Every structure is written in structure tokens, then in C-alpha cells.
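What follows is the content of target16.cif, which has mmCIF, C-alpha atoms:
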data_data
#
loop_
_atom_site.label_atom_id
_atom_site.label_comp_id
_atom_site.auth_asym_id
_atom_site.auth_seq_id
_atom_site.Cartn_x
_atom_site.Cartn_y
_atom_site.Cartn_z
CA MET L 274 0.00 0.00 0.00
CA LEU L 275 1.29 3.45 -0.91
CA GLU L 276 1.82 5.95 1.85
CA GLN L 277 -0.09 9.18 1.40
CA PRO L 278 2.00 12.13 0.15
CA ARG L 279 3.36 14.23 2.98
CA PHE L 280 3.06 17.45 0.97
CA ASN L 281 2.53 18.52 -2.62
CA LEU L 282 5.88 18.51 -4.36
CA THR L 283 4.90 21.34 -6.70
CA GLU L 284 3.79 23.54 -3.76
CA MET L 285 6.97 23.24 -1.72
CA ASN L 286 8.85 26.44 -0.94
CA PRO L 287 8.10 28.36 -4.18
CA GLU L 288 11.47 30.10 -4.40
CA VAL L 289 13.45 26.89 -3.91
CA TYR L 290 11.22 25.01 -6.36
CA ARG L 291 11.64 27.79 -8.94
CA HIS L 292 15.45 27.59 -8.63
CA LEU L 293 15.41 23.79 -8.93
CA MET L 294 13.33 24.10 -12.10
CA GLN L 295 15.70 26.75 -13.49
CA MET L 296 18.66 24.45 -12.81
CA GLU L 297 16.76 21.61 -14.50
CA ALA L 298 16.24 23.74 -17.62
CA LEU L 299 19.88 24.84 -17.68
CA ILE L 300 21.15 21.26 -17.47
CA ALA L 301 18.66 20.14 -20.12
CA ARG L 302 20.08 22.73 -22.52
CA ASN L 303 23.60 21.36 -22.03
CA VAL L 304 23.20 17.58 -21.81
CA GLU L 305 21.98 15.56 -24.76
CA PRO L 306 18.29 14.73 -24.02
CA THR L 307 18.52 10.94 -24.35
CA LEU L 308 21.58 10.80 -22.11
CA TYR L 309 19.90 13.06 -19.54
CA HIS L 310 16.83 10.78 -19.44
CA LEU L 311 19.07 7.76 -18.92
CA ILE L 312 21.05 9.51 -16.16
CA LYS L 313 17.77 10.32 -14.41
CA LEU L 314 16.55 6.76 -14.76
CA ARG L 315 19.78 5.17 -13.51
CA ALA L 316 20.05 7.36 -10.41
CA SER L 317 16.34 6.86 -9.68
CA GLN L 318 16.77 3.07 -9.97
CA ILE L 319 19.65 3.14 -7.49
CA ASN L 320 17.76 5.42 -5.09
CA GLY L 321 14.49 3.50 -5.39
CA CYS L 322 12.51 6.61 -6.28
CA ALA L 323 9.20 5.36 -7.70
CA PHE L 324 8.00 8.88 -8.54
CA CYS L 325 11.09 9.70 -10.59
CA LEU L 326 11.23 6.26 -12.21
CA GLN L 327 7.65 6.62 -13.43
CA MET L 328 8.13 10.20 -14.59
CA HIS L 329 11.43 9.69 -16.40
CA THR L 330 10.36 6.41 -17.97
CA ASP L 331 7.28 8.19 -19.32
CA GLN L 332 9.37 11.11 -20.59
CA ALA L 333 12.06 8.89 -22.12
CA LEU L 334 9.49 6.80 -23.98
CA ARG L 335 7.81 9.95 -25.29
CA HIS L 336 11.22 11.12 -26.56
CA GLY L 337 11.81 7.86 -28.43
CA GLU L 338 13.87 5.82 -25.96
CA THR L 339 13.25 2.07 -26.12
CA PRO L 340 12.20 -0.10 -23.18
CA GLU L 341 15.03 -2.54 -23.98
CA ARG L 342 17.71 0.12 -23.57
CA MET L 343 16.12 1.44 -20.39
CA MET L 344 16.04 -2.02 -18.82
CA ALA L 345 19.80 -2.47 -19.35
CA LEU L 346 20.99 0.77 -17.75
CA ASP L 347 23.21 -0.97 -15.25
CA ALA L 348 25.21 -2.40 -18.17
CA TRP L 349 26.00 1.02 -19.68
CA GLU L 350 29.57 2.09 -19.02
CA ALA L 351 28.54 5.64 -19.92
CA LEU L 352 26.33 5.72 -16.81
CA ARG L 353 29.02 4.49 -14.43
CA TRP L 354 29.75 8.06 -13.35
CA THR L 355 26.09 8.58 -12.41
CA GLU L 356 26.35 5.44 -10.28
CA GLU L 357 29.60 6.68 -8.72
CA LEU L 358 28.04 10.01 -7.77
CA THR L 359 24.76 8.49 -6.58
CA LEU L 360 26.66 6.05 -4.36
CA ILE L 361 29.41 8.54 -3.48
CA ALA L 362 29.63 7.39 0.15
CA ASP L 363 30.69 3.98 -1.16
CA THR L 364 32.67 4.93 -4.27
CA GLY L 365 34.25 8.27 -3.39
CA ALA L 366 33.86 9.23 -7.08
CA SER L 367 36.79 7.02 -8.02
CA ARG L 368 39.77 8.03 -10.11
CA GLU L 369 39.08 5.08 -12.41
CA GLY L 370 35.49 6.18 -12.99
CA TYR L 371 36.59 9.73 -13.73
CA GLU L 372 39.37 8.65 -16.08
CA GLU L 373 36.95 6.41 -17.95
CA LEU L 374 34.63 9.39 -18.34
CA GLN L 375 37.48 11.55 -19.68
CA ALA L 376 37.92 9.11 -22.57
CA HIS L 377 34.42 9.99 -23.81
CA PHE L 378 33.61 13.52 -22.64
CA SER L 379 35.29 16.94 -22.52
CA GLU L 380 35.94 18.71 -19.22
CA GLU L 381 32.92 20.97 -19.82
CA GLU L 382 30.69 17.99 -20.63
CA ILE L 383 31.87 16.21 -17.47
CA GLY L 384 30.86 19.28 -15.47
CA TRP L 385 27.35 19.10 -16.94
CA LEU L 386 27.17 15.36 -16.25
CA ILE L 387 28.04 16.07 -12.62
CA PHE L 388 25.30 18.71 -12.40
CA ALA L 389 22.85 16.25 -14.03
CA ALA L 390 23.63 13.55 -11.47
CA VAL L 391 23.46 15.99 -8.56
CA GLN L 392 20.13 17.38 -9.82
CA ILE L 393 18.38 14.02 -10.14
CA ASN L 394 19.72 12.89 -6.79
CA SER L 395 18.22 16.06 -5.28
CA TRP L 396 14.86 15.37 -6.94
CA ASN L 397 14.98 11.72 -5.78
CA ARG L 398 15.50 12.77 -2.19
CA ILE L 399 12.70 15.35 -2.33
CA ALA L 400 10.24 12.92 -3.95
CA ILE L 401 11.10 10.03 -1.60
CA SER L 402 11.00 12.12 1.58
CA SER L 403 7.70 13.76 0.58
CA ARG L 404 6.19 10.41 -0.58
CA SER L 405 5.17 12.12 -3.82
CA GLN L 406 3.18 10.09 -6.32
CA TYR L 407 3.60 10.61 -10.04
CA ASP L 408 0.72 11.78 -12.19
CA PRO L 409 1.61 12.73 -15.79
CA ALA L 410 -0.93 15.58 -15.60
CA MET L 411 1.34 17.29 -13.03
CA PHE L 412 3.72 18.22 -15.82
CA GLY L 413 1.31 18.68 -18.70
CA GLY L 414 1.14 15.03 -19.76
CA ALA L 415 -1.88 12.81 -20.09
CA PRO L 416 -3.81 12.51 -16.82
CA ALA L 417 -3.46 9.30 -14.87
CA LYS L 418 -6.17 6.74 -15.53
CA GLN L 419 -8.80 6.66 -12.84
CA LYS L 420 -9.45 3.28 -11.26
CA VAL L 421 -13.01 2.17 -11.68
CA ALA L 422 -14.62 0.80 -8.58
CA GLU L 423 -15.81 -2.78 -8.88
CA THR L 424 -19.48 -3.41 -8.41
CA ALA L 425 -20.54 -6.04 -5.91
#
Write out the structure in this file as C-alpha cells.
Amino acid sequence: MLEQPRFNLTEMNPEVYRHLMQMEALIARNVEPTLYHLIKLRASQINGCAFCLQMHTDQALRHGETPERMMALDAWEALRWTEELTLIADTGASREGYEELQAHFSEEEIGWLIFAAVQINSWNRIAISSRSQYDPAMFGGAPAKQKVAETA
């Protein structure tokens, strides 16, 4: 059984929420959209954030990502850095992980990948702690299907 939301995620401190959304838009302008969706999904898998998993799966599918690729995220070497940052207490953001990243991304791109991982980890912690529940209508998507009560 799902726990009731503790507060409405979109009505949290308006100034903080506005800044988080501005940061989200800035990162989205600087990280390739498919990669950003996959970063969000991988961190949300690790953190167990149902809200973010539902939202980013929905968004990734709408942007053309395939379910097969999304199900194999833990096999993607390109997402190792997201894992390292999400599990930073365990990994310490290893030298090996960083050097592997340098083989594929510029210093500027690595900076944006760090911001992307930090951003989704922030959202995961907000959504989990508030017990938020995803509804596509929250962000202009199709409204969630209403459950029809069974007749006796």
C-alpha cells in the first residue's frame, strides 16, 4: 500500500522550487536529451525513487527511448559516473570512474554530467521524503487513468 503524500511537491517552498526548475532547464540545454533521461533513470533506480522512475520512464518513452535500452541501464559504461556520484559514500567518485569518463567527454561535458547527477539525486531525495506520487498531468502530460470501482 502506498503511503499518502506528505506534501505537494509542486507547492513546496516556491522560491526553492523555482530555482530547482531553473537548474533543471539549464542542465537540459547542455546535456543531450537521451543521455539526460538515462542519467535520471539510472540514479532513480539506485535510489528506489518510484516517482522519478515513473516520470522519467514516461518522458524517455515519449522522446523515443526504447524499453530494452532502459532495462539495461546498469550495463552502460557511460552511466558508471552517475552510479559513482549516486553512491558517493561507497565509491568516493573514483579516479578510475573519472578517467573512464574523460575518454568519452570533454571537461565541460563532465561538469554538466556532474550537475545532471546531482540534480536528479536532489529530486529523488525530495520525492522520496515527501512520498510524492507521479501523475503525468502534473507536468502537462496525459492525466493518470482513474481506477473504476468494482461493483458487488
Worksheet item: If you apply the PyMOL selection byres ((chain L and resi 395) around 12) to this file, what residues do you get, as a ChimeraX atom specification?
Response: /L:289-290,293-294,296-297,313,316-317,320,322,325,358-359,388-394,396-402
Practice prompt. Can you work out the spacing between CA of Gln332 in chain L and CA of Pro409 in chain L in Å, to one decimal?
Written response: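 Taking CA of Gln332 in chain L as the start and CA of Pro409 in chain L as the end point, the length is 9.3 Å.
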Fill in: Pairwise distance for CA of Met344 in chain L and CA of Leu299 in chain L, rounded to one decimal in Å
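Calculated distance between CA of Met344 in chain L and CA of Leu299 in chain L is 27.2 Å.
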Discussion item. I'd like the interatomic distance between CA of Met343 in chain L and CA of Val304 in chain L, to a tenth of an Å.
Written reply: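 Atom-to-atom, CA of Met343 in chain L and CA of Val304 in chain L are spaced 17.7 Å apart.
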Item to complete: Carefully work through the PyMOL selection byres ((chain L and resi 407) around 6) for this structure and note down the residues it includes, as a ChimeraX atom specification.
Response: /L:324,406,408
Practice prompt. Find the residue from L:Ile312, L:Ala366, L:Leu352, L:Ile300 that sits nearest to Glu382 in chain L; use only C-alpha atoms when measuring.
Written response: L:Ile300
Show me, as lines of an AutoDock Vina configuration file, the centre and edge lengths in Å to one decimal of the axis-aligned box that covers every listed atom of range 371-390 of chain L with 4 Å on each side.
center_x = 31.1
center_y = 13.7
center_z = -17.6
size_x = 24.5
size_y = 22.6
size_z = 20.3
Discussion item. Counting only C-alpha atoms, which residue out of L:Ser403, L:Ala301, L:Ala362, L:Arg291 sits closest to Ala323 in chain L?
Written reply: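 Answer, going by the shortest atom-to-atom distance: L:Ser403.
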Item to complete: Go through L:Met285, L:Thr307, L:Leu374, L:Met411 and flag the residue nearest Arg335 in chain L, using all atoms listed in the file for the distances.
Response: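 Comparing L:Met285, L:Thr307, L:Leu374, L:Met411 against Arg335 in chain L, the winner is L:Thr307.
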Discussion item. Please expand the PyMOL selection byres ((chain L and resi 368-373) around 9) into the concrete residues it hits in this file, giving the result as a VMD selection string.
Written reply: chain L and resid 350 to 351 353 to 354 357 365 to 367 374 to 377 383
Could you dump the residues just selected with C-alpha atoms as a compact mmCIF listing (two decimals), keeping the file's coordinate frame?
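Generated file (out-v1.txt):
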# COMPACT_ATOMS: atom_id res chain seq x y z
CA GLU L 350 29.57 2.09 -19.02
CA ALA L 351 28.54 5.64 -19.92
CA ARG L 353 29.02 4.49 -14.43
CA TRP L 354 29.75 8.06 -13.35
CA GLU L 357 29.60 6.68 -8.72
CA GLY L 365 34.25 8.27 -3.39
CA ALA L 366 33.86 9.23 -7.08
CA SER L 367 36.79 7.02 -8.02
CA LEU L 374 34.63 9.39 -18.34
CA GLN L 375 37.48 11.55 -19.68
CA ALA L 376 37.92 9.11 -22.57
CA HIS L 377 34.42 9.99 -23.81
CA ILE L 383 31.87 16.21 -17.47
Reconstruct N, CA and C atoms of range 344-364 of chain L; output as a PDB file, in the coordinates of the input.
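File part.pdb, as written:
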ATOM      1  N   MET L 344      15.944  -0.907 -19.751  1.00  0.00           N
ATOM      2  CA  MET L 344      16.040  -2.020 -18.820  1.00  0.00           C
ATOM      3  C   MET L 344      17.483  -2.461 -18.596  1.00  0.00           C
ATOM      4  N   ALA L 345      18.399  -2.050 -19.450  1.00  0.00           N
ATOM      5  CA  ALA L 345      19.800  -2.470 -19.350  1.00  0.00           C
ATOM      6  C   ALA L 345      20.718  -1.343 -18.878  1.00  0.00           C
ATOM      7  N   LEU L 346      20.189  -0.388 -18.157  1.00  0.00           N
ATOM      8  CA  LEU L 346      20.990   0.770 -17.750  1.00  0.00           C
ATOM      9  C   LEU L 346      22.200   0.406 -16.912  1.00  0.00           C
ATOM     10  N   ASP L 347      22.077  -0.623 -16.096  1.00  0.00           N
ATOM     11  CA  ASP L 347      23.210  -0.970 -15.250  1.00  0.00           C
ATOM     12  C   ASP L 347      24.379  -1.528 -16.050  1.00  0.00           C
ATOM     13  N   ALA L 348      24.144  -1.869 -17.315  1.00  0.00           N
ATOM     14  CA  ALA L 348      25.210  -2.400 -18.170  1.00  0.00           C
ATOM     15  C   ALA L 348      25.915  -1.296 -18.967  1.00  0.00           C
ATOM     16  N   TRP L 349      25.451  -0.084 -18.892  1.00  0.00           N
ATOM     17  CA  TRP L 349      26.000   1.020 -19.680  1.00  0.00           C
ATOM     18  C   TRP L 349      27.218   1.606 -18.977  1.00  0.00           C
ATOM     19  N   GLU L 350      28.363   1.479 -19.588  1.00  0.00           N
ATOM     20  CA  GLU L 350      29.570   2.090 -19.020  1.00  0.00           C
ATOM     21  C   GLU L 350      29.431   3.607 -18.955  1.00  0.00           C
ATOM     22  N   ALA L 351      28.696   4.182 -19.900  1.00  0.00           N
ATOM     23  CA  ALA L 351      28.540   5.640 -19.920  1.00  0.00           C
ATOM     24  C   ALA L 351      27.802   6.151 -18.685  1.00  0.00           C
ATOM     25  N   LEU L 352      27.076   5.286 -17.996  1.00  0.00           N
ATOM     26  CA  LEU L 352      26.330   5.720 -16.810  1.00  0.00           C
ATOM     27  C   LEU L 352      27.054   5.362 -15.511  1.00  0.00           C
ATOM     28  N   ARG L 353      28.263   4.842 -15.630  1.00  0.00           N
ATOM     29  CA  ARG L 353      29.020   4.490 -14.430  1.00  0.00           C
ATOM     30  C   ARG L 353      29.243   5.703 -13.532  1.00  0.00           C
ATOM     31  N   TRP L 354      29.498   6.851 -14.141  1.00  0.00           N
ATOM     32  CA  TRP L 354      29.750   8.060 -13.350  1.00  0.00           C
ATOM     33  C   TRP L 354      28.518   8.458 -12.552  1.00  0.00           C
ATOM     34  N   THR L 355      27.336   8.301 -13.145  1.00  0.00           N
ATOM     35  CA  THR L 355      26.090   8.580 -12.410  1.00  0.00           C
ATOM     36  C   THR L 355      26.014   7.656 -11.198  1.00  0.00           C
ATOM     37  N   GLU L 356      26.351   6.392 -11.394  1.00  0.00           N
ATOM     38  CA  GLU L 356      26.350   5.440 -10.280  1.00  0.00           C
ATOM     39  C   GLU L 356      27.367   5.863  -9.225  1.00  0.00           C
ATOM     40  N   GLU L 357      28.552   6.264  -9.664  1.00  0.00           N
ATOM     41  CA  GLU L 357      29.600   6.680  -8.720  1.00  0.00           C
ATOM     42  C   GLU L 357      29.142   7.875  -7.878  1.00  0.00           C
ATOM     43  N   LEU L 358      28.477   8.826  -8.507  1.00  0.00           N
ATOM     44  CA  LEU L 358      28.040  10.010  -7.770  1.00  0.00           C
ATOM     45  C   LEU L 358      26.827   9.719  -6.900  1.00  0.00           C
ATOM     46  N   THR L 359      25.937   8.852  -7.369  1.00  0.00           N
ATOM     47  CA  THR L 359      24.760   8.490  -6.580  1.00  0.00           C
ATOM     48  C   THR L 359      25.157   7.704  -5.343  1.00  0.00           C
ATOM     49  N   LEU L 360      26.173   6.877  -5.476  1.00  0.00           N
ATOM     50  CA  LEU L 360      26.660   6.050  -4.360  1.00  0.00           C
ATOM     51  C   LEU L 360      27.985   6.592  -3.828  1.00  0.00           C
ATOM     52  N   ILE L 361      28.127   7.897  -3.780  1.00  0.00           N
ATOM     53  CA  ILE L 361      29.410   8.540  -3.480  1.00  0.00           C
ATOM     54  C   ILE L 361      29.977   8.131  -2.121  1.00  0.00           C
ATOM     55  N   ALA L 362      29.129   7.826  -1.151  1.00  0.00           N
ATOM     56  CA  ALA L 362      29.630   7.390   0.150  1.00  0.00           C
ATOM     57  C   ALA L 362      30.391   6.077   0.035  1.00  0.00           C
ATOM     58  N   ASP L 363      30.024   5.267  -0.947  1.00  0.00           N
ATOM     59  CA  ASP L 363      30.690   3.980  -1.160  1.00  0.00           C
ATOM     60  C   ASP L 363      31.849   4.081  -2.151  1.00  0.00           C
ATOM     61  N   THR L 364      31.691   4.901  -3.185  1.00  0.00           N
ATOM     62  CA  THR L 364      32.670   4.930  -4.270  1.00  0.00           C
ATOM     63  C   THR L 364      33.710   6.028  -4.144  1.00  0.00           C
TER      64      THR L 364
END
